[in-house]
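Undergrad: The following block contains the structure, expressed as structure tokens.
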Amino acid sequence: MLNSFSDLAVYLVEPSSTQARVIISLLAQQGVTRVTHFDNAAAMFDKLAHESTSLVISALYLPDMTGVDLVQRLRTNPATEHMPFILISSETRPQVLDPVRQSGACGILPKPFSATQLGTALRATLDYLDSDASIDADIADLETLQVLVVDDSASARKFIRRVLENLGISNFTEAENGIEAIAVLNDKMIDLVVTDYNMPEMDGKGLIDYIRTKSWQSSVPILMVTSEQDAGRLAAVEEAGVSGICDKPFEPKTVKALLANILQSRG
């Protein structure tokens, strides 16, 4: 179990030697001193095939692929699908960053980033790696809790499941969109729904509307984990009756706190 930043070993993929020195210095200030630098993704993957690491940090634009390609390659390999990943980029366009958000990243840091922003991403990494972050047993019998995870991204579903499994939850059903989720809810008792907003067929807002107005499980708690930034849409979701909302990428401790509040209110 990793208890502090100093326990982390980092593979840093950054083509600029100047930027790499800056990032390594900032990591050292946080107590992270075991950093291996690569100037391209291929070299990092060659090393990763023989020696694992705690965390991969990458720039967005690399000589041989993008940071999006890198994290997607991590997620499609069973040996690295749960590898914590942090992106560092000056890119701000949502359409560029959204695939990284959907991949289950522990953080997306701007260039330049502050020590506080780096510390938040590193803390999210430790929380993600913590397999014993269970919620107070007095709140709910987590081993019997039935959770429905709804997201069109398989990587996002895996990331959410990993975080919830660390909290002590073990029973999951998955759906790729609201239509599939409704079919599950019609047939199976569910204790908690965790859903994305933007999905094909039926989005998260449509799913919440259906649950609250038409489902026989209309009072089931609903946690939305989303990269949606439109304030109007999120306000509409809150109006529809969502129990809690958190961003992608999210800090596992945020999900833990929201989940504890939801279950305490339910219990």
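Scheme for the structure tokens: letters A, B, ... for chains in order shown; per-chain residue numbers from 1; ligand numbers from 1 in order shown.
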For segment 227-241 of chain A, list every protein, DNA or RNA residue within 9 Å, evaluated using only C-alpha atoms, and leave out those in the same chain fewer than 4 positions away; present the list as a ChimeraX atom specification.

TA: /A:94,98,101-102,196-198,204-205,208-209,212,222,245-249

Undergrad: Create the file for the chosen residues now, containing N, CA and C atoms and written as a compact mmCIF listing (two decimals), in the first residue's frame.

TA:
# COMPACT_ATOMS: atom_id res chain seq x y z
N PRO A 94 -12.39 21.41 -24.98
CA PRO A 94 -13.05 20.24 -24.39
C PRO A 94 -13.02 19.01 -25.30
N ASP A 98 -11.60 15.74 -23.61
CA ASP A 98 -12.64 14.84 -23.14
C ASP A 98 -12.26 13.36 -23.21
N ARG A 101 -10.46 12.65 -20.09
CA ARG A 101 -11.39 12.62 -18.96
C ARG A 101 -12.14 11.29 -18.92
N GLN A 102 -12.57 10.82 -20.09
CA GLN A 102 -13.36 9.58 -20.16
C GLN A 102 -12.50 8.35 -19.89
N ASP A 196 -22.96 8.75 -16.18
CA ASP A 196 -22.39 9.85 -16.94
C ASP A 196 -23.54 10.75 -17.42
N TYR A 197 -23.20 11.91 -17.97
CA TYR A 197 -24.22 12.76 -18.58
C TYR A 197 -24.33 12.48 -20.07
N ASN A 198 -23.23 12.67 -20.80
CA ASN A 198 -23.25 12.57 -22.26
C ASN A 198 -23.10 11.12 -22.72
N GLY A 204 -27.70 11.12 -19.52
CA GLY A 204 -27.91 11.04 -18.08
C GLY A 204 -29.12 11.80 -17.60
N LYS A 205 -29.39 12.95 -18.22
CA LYS A 205 -30.58 13.72 -17.85
C LYS A 205 -31.85 12.92 -18.14
N ILE A 208 -32.22 10.14 -15.55
CA ILE A 208 -32.67 10.63 -14.24
C ILE A 208 -34.16 10.97 -14.28
N ASP A 209 -34.59 11.62 -15.36
CA ASP A 209 -36.01 11.94 -15.51
C ASP A 209 -36.87 10.67 -15.46
N ARG A 212 -36.90 9.11 -11.83
CA ARG A 212 -37.65 9.88 -10.85
C ARG A 212 -39.15 9.93 -11.14
N ILE A 222 -28.81 8.62 -6.98
CA ILE A 222 -28.13 8.74 -8.27
C ILE A 222 -26.94 9.68 -8.13
N ILE A 245 -23.20 15.29 -7.78
CA ILE A 245 -22.50 15.46 -9.04
C ILE A 245 -21.01 15.67 -8.76
N CYS A 246 -20.14 14.98 -9.52
CA CYS A 246 -18.72 15.28 -9.46
C CYS A 246 -18.13 15.23 -10.86
N ASP A 247 -17.01 15.93 -11.03
CA ASP A 247 -16.40 16.09 -12.34
C ASP A 247 -15.57 14.88 -12.74
N LYS A 248 -15.29 14.80 -14.05
CA LYS A 248 -14.24 13.93 -14.57
C LYS A 248 -13.10 14.84 -15.04
N PRO A 249 -11.85 14.57 -14.64
CA PRO A 249 -11.47 13.54 -13.68
C PRO A 249 -11.85 13.96 -12.28

Undergrad: Would you return as an NGL selection string the members of segment 177-233 of chain A that DSSP assigns to strand (DSSP E) on this structure's backbone?

TA: :A and (192-195 or 222-226)

Undergrad: Please, which residues in segment 51-157 of chain A fall within 6 Å of segment 172-188 of chain A when counting only C-alpha atoms, and what is the closest atom pair and distance in Å to one decimal for each, ordered by chain then residue number, as JSON lines?

TA:
{"residue": "A:Val147", "atom": "CA", "partner": "A:Phe172", "partner_atom": "CA", "distance": 4.9}
{"residue": "A:Leu148", "atom": "CA", "partner": "A:Thr173", "partner_atom": "CA", "distance": 4.8}
{"residue": "A:Val149", "atom": "CA", "partner": "A:Glu174", "partner_atom": "CA", "distance": 4.9}
{"residue": "A:Val150", "atom": "CA", "partner": "A:Ala175", "partner_atom": "CA", "distance": 4.7}
{"residue": "A:Asp151", "atom": "CA", "partner": "A:Glu176", "partner_atom": "CA", "distance": 4.9}
{"residue": "A:Asp152", "atom": "CA", "partner": "A:Glu176", "partner_atom": "CA", "distance": 4.2}

Undergrad: Selected residues, C-alpha atoms, written as a compact mmCIF listing (two decimals), in the first residue's frame, please.

TA:
# COMPACT_ATOMS: atom_id res chain seq x y z
CA VAL A 147 -24.57 -0.58 -7.96
CA LEU A 148 -25.49 0.23 -11.56
CA VAL A 149 -22.66 2.01 -13.46
CA VAL A 150 -23.86 3.78 -16.62
CA ASP A 151 -21.28 5.20 -19.05
CA ASP A 152 -20.63 4.73 -22.77

Undergrad: Give me the residues within 10 Å of segment 161-165 of chain A as a ChimeraX atom specification, counting only C-alpha atoms and dropping any in the same chain fewer than 4 places off.

TA: /A:82,104,127-135,142-143,147-149,155-157,169-174,194,251-253,255-256,259

Undergrad: Dump C-alpha atoms for the selected residues as a JSON list (two decimals), in the first residue's frame?

TA:
[["chain", "number", "residue", "atom", "x", "y", "z"],
["A", 82, "HIS", "CA", -5.72, 0.37, -14.07],
["A", 104, "GLY", "CA", -10.26, 7.53, -16.07],
["A", 127, "ASP", "CA", -6.58, 7.48, -3.23],
["A", 128, "TYR", "CA", -7.11, 5.57, -6.48],
["A", 129, "LEU", "CA", -4.37, 3.10, -5.51],
["A", 130, "ASP", "CA", -5.72, 2.70, -1.96],
["A", 131, "SER", "CA", -7.48, -0.65, -1.86],
["A", 132, "ASP", "CA", -8.59, -0.13, 1.74],
["A", 133, "ALA", "CA", -10.48, 3.17, 1.64],
["A", 134, "SER", "CA", -13.77, 1.71, 2.83],
["A", 135, "ILE", "CA", -16.61, 3.84, 4.12],
["A", 142, "LEU", "CA", -21.45, -2.23, 1.35],
["A", 143, "GLU", "CA", -20.90, -5.89, 0.51],
["A", 147, "VAL", "CA", -24.57, -0.58, -7.96],
["A", 148, "LEU", "CA", -25.49, 0.23, -11.56],
["A", 149, "VAL", "CA", -22.66, 2.01, -13.46],
["A", 155, "SER", "CA", -12.51, 2.83, -19.52],
["A", 156, "ALA", "CA", -14.60, 5.24, -17.45],
["A", 157, "ARG", "CA", -16.71, 2.35, -16.13],
["A", 169, "ILE", "CA", -18.41, -2.29, -2.88],
["A", 170, "SER", "CA", -18.35, -5.51, -4.92],
["A", 171, "ASN", "CA", -21.69, -5.95, -6.73],
["A", 172, "PHE", "CA", -21.88, -4.11, -10.05],
["A", 173, "THR", "CA", -24.06, -4.09, -13.15],
["A", 174, "GLU", "CA", -22.93, -2.04, -16.14],
["A", 194, "VAL", "CA", -23.65, 6.06, -10.95],
["A", 251, "GLU", "CA", -10.78, 12.83, -6.76],
["A", 252, "PRO", "CA", -11.74, 9.46, -5.25],
["A", 253, "LYS", "CA", -12.12, 11.13, -1.85],
["A", 255, "VAL", "CA", -16.78, 10.27, -4.55],
["A", 256, "LYS", "CA", -16.29, 8.69, -1.12],
["A", 259, "LEU", "CA", -21.38, 8.36, -1.48]]

Undergrad: Need to verify the contact set: Pro63 of chain A, 12 Å, only C-alpha atoms, exclusion of same-chain residues closer than 2 positions in sequence. Can you return it as an MDAnalysis selection string?

TA: chainID A and resid 13:16 38:43 59:61 65:67 69:70

Undergrad: Under the rule that only C-alpha atoms are counted, which of A:Pro78, A:Leu145, A:Lys214, A:Arg123 is the nearest residue to Ala49 of chain A?

TA: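 Residue with the minimum atom-to-atom distance to Ala49 of chain A: A:Pro78.
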
Undergrad: Identify, with DSSP run on backbone atoms, the residues in segment 204-262 of chain A assigned to alpha helix (DSSP H), and express the list as an MDAnalysis selection string.

TA: chainID A and resid 204:214 231:240 252:262

Undergrad: For atom CA of Met189 of chain A and atom CA of Ser103 of chain A, determine how far apart the two atoms are, in Å to one decimal place.

TA: 28.5 Å

Undergrad: Using only C-alpha atoms for the distances, tell me which of A:Arg75, A:Phe250, A:Ser153, A:Gly168 is nearest to Gly107 of chain A.

TA: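 Smallest distance to Gly107 of chain A is found for A:Phe250.
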
Undergrad: One decimal, in Å: what's the spacing between atom CA of Phe5 of chain A and atom CA of Leu126 of chain A?

TA: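 Distance reported for this atom pair: 7.6 Å.
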
Undergrad: My list of candidates is A:Val32, A:Leu109, A:Leu263, A:Leu207. Which is closest to Ser4 of chain A when distances are computed with only C-alpha atoms?

TA: A:Val32

Undergrad: Distance atom CA of Ala20 of chain A-atom CA of Asn77 of chain A, one decimal place?

TA: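 Interatomic distance, atom CA of Ala20 of chain A to atom CA of Asn77 of chain A: 26.3 Å.
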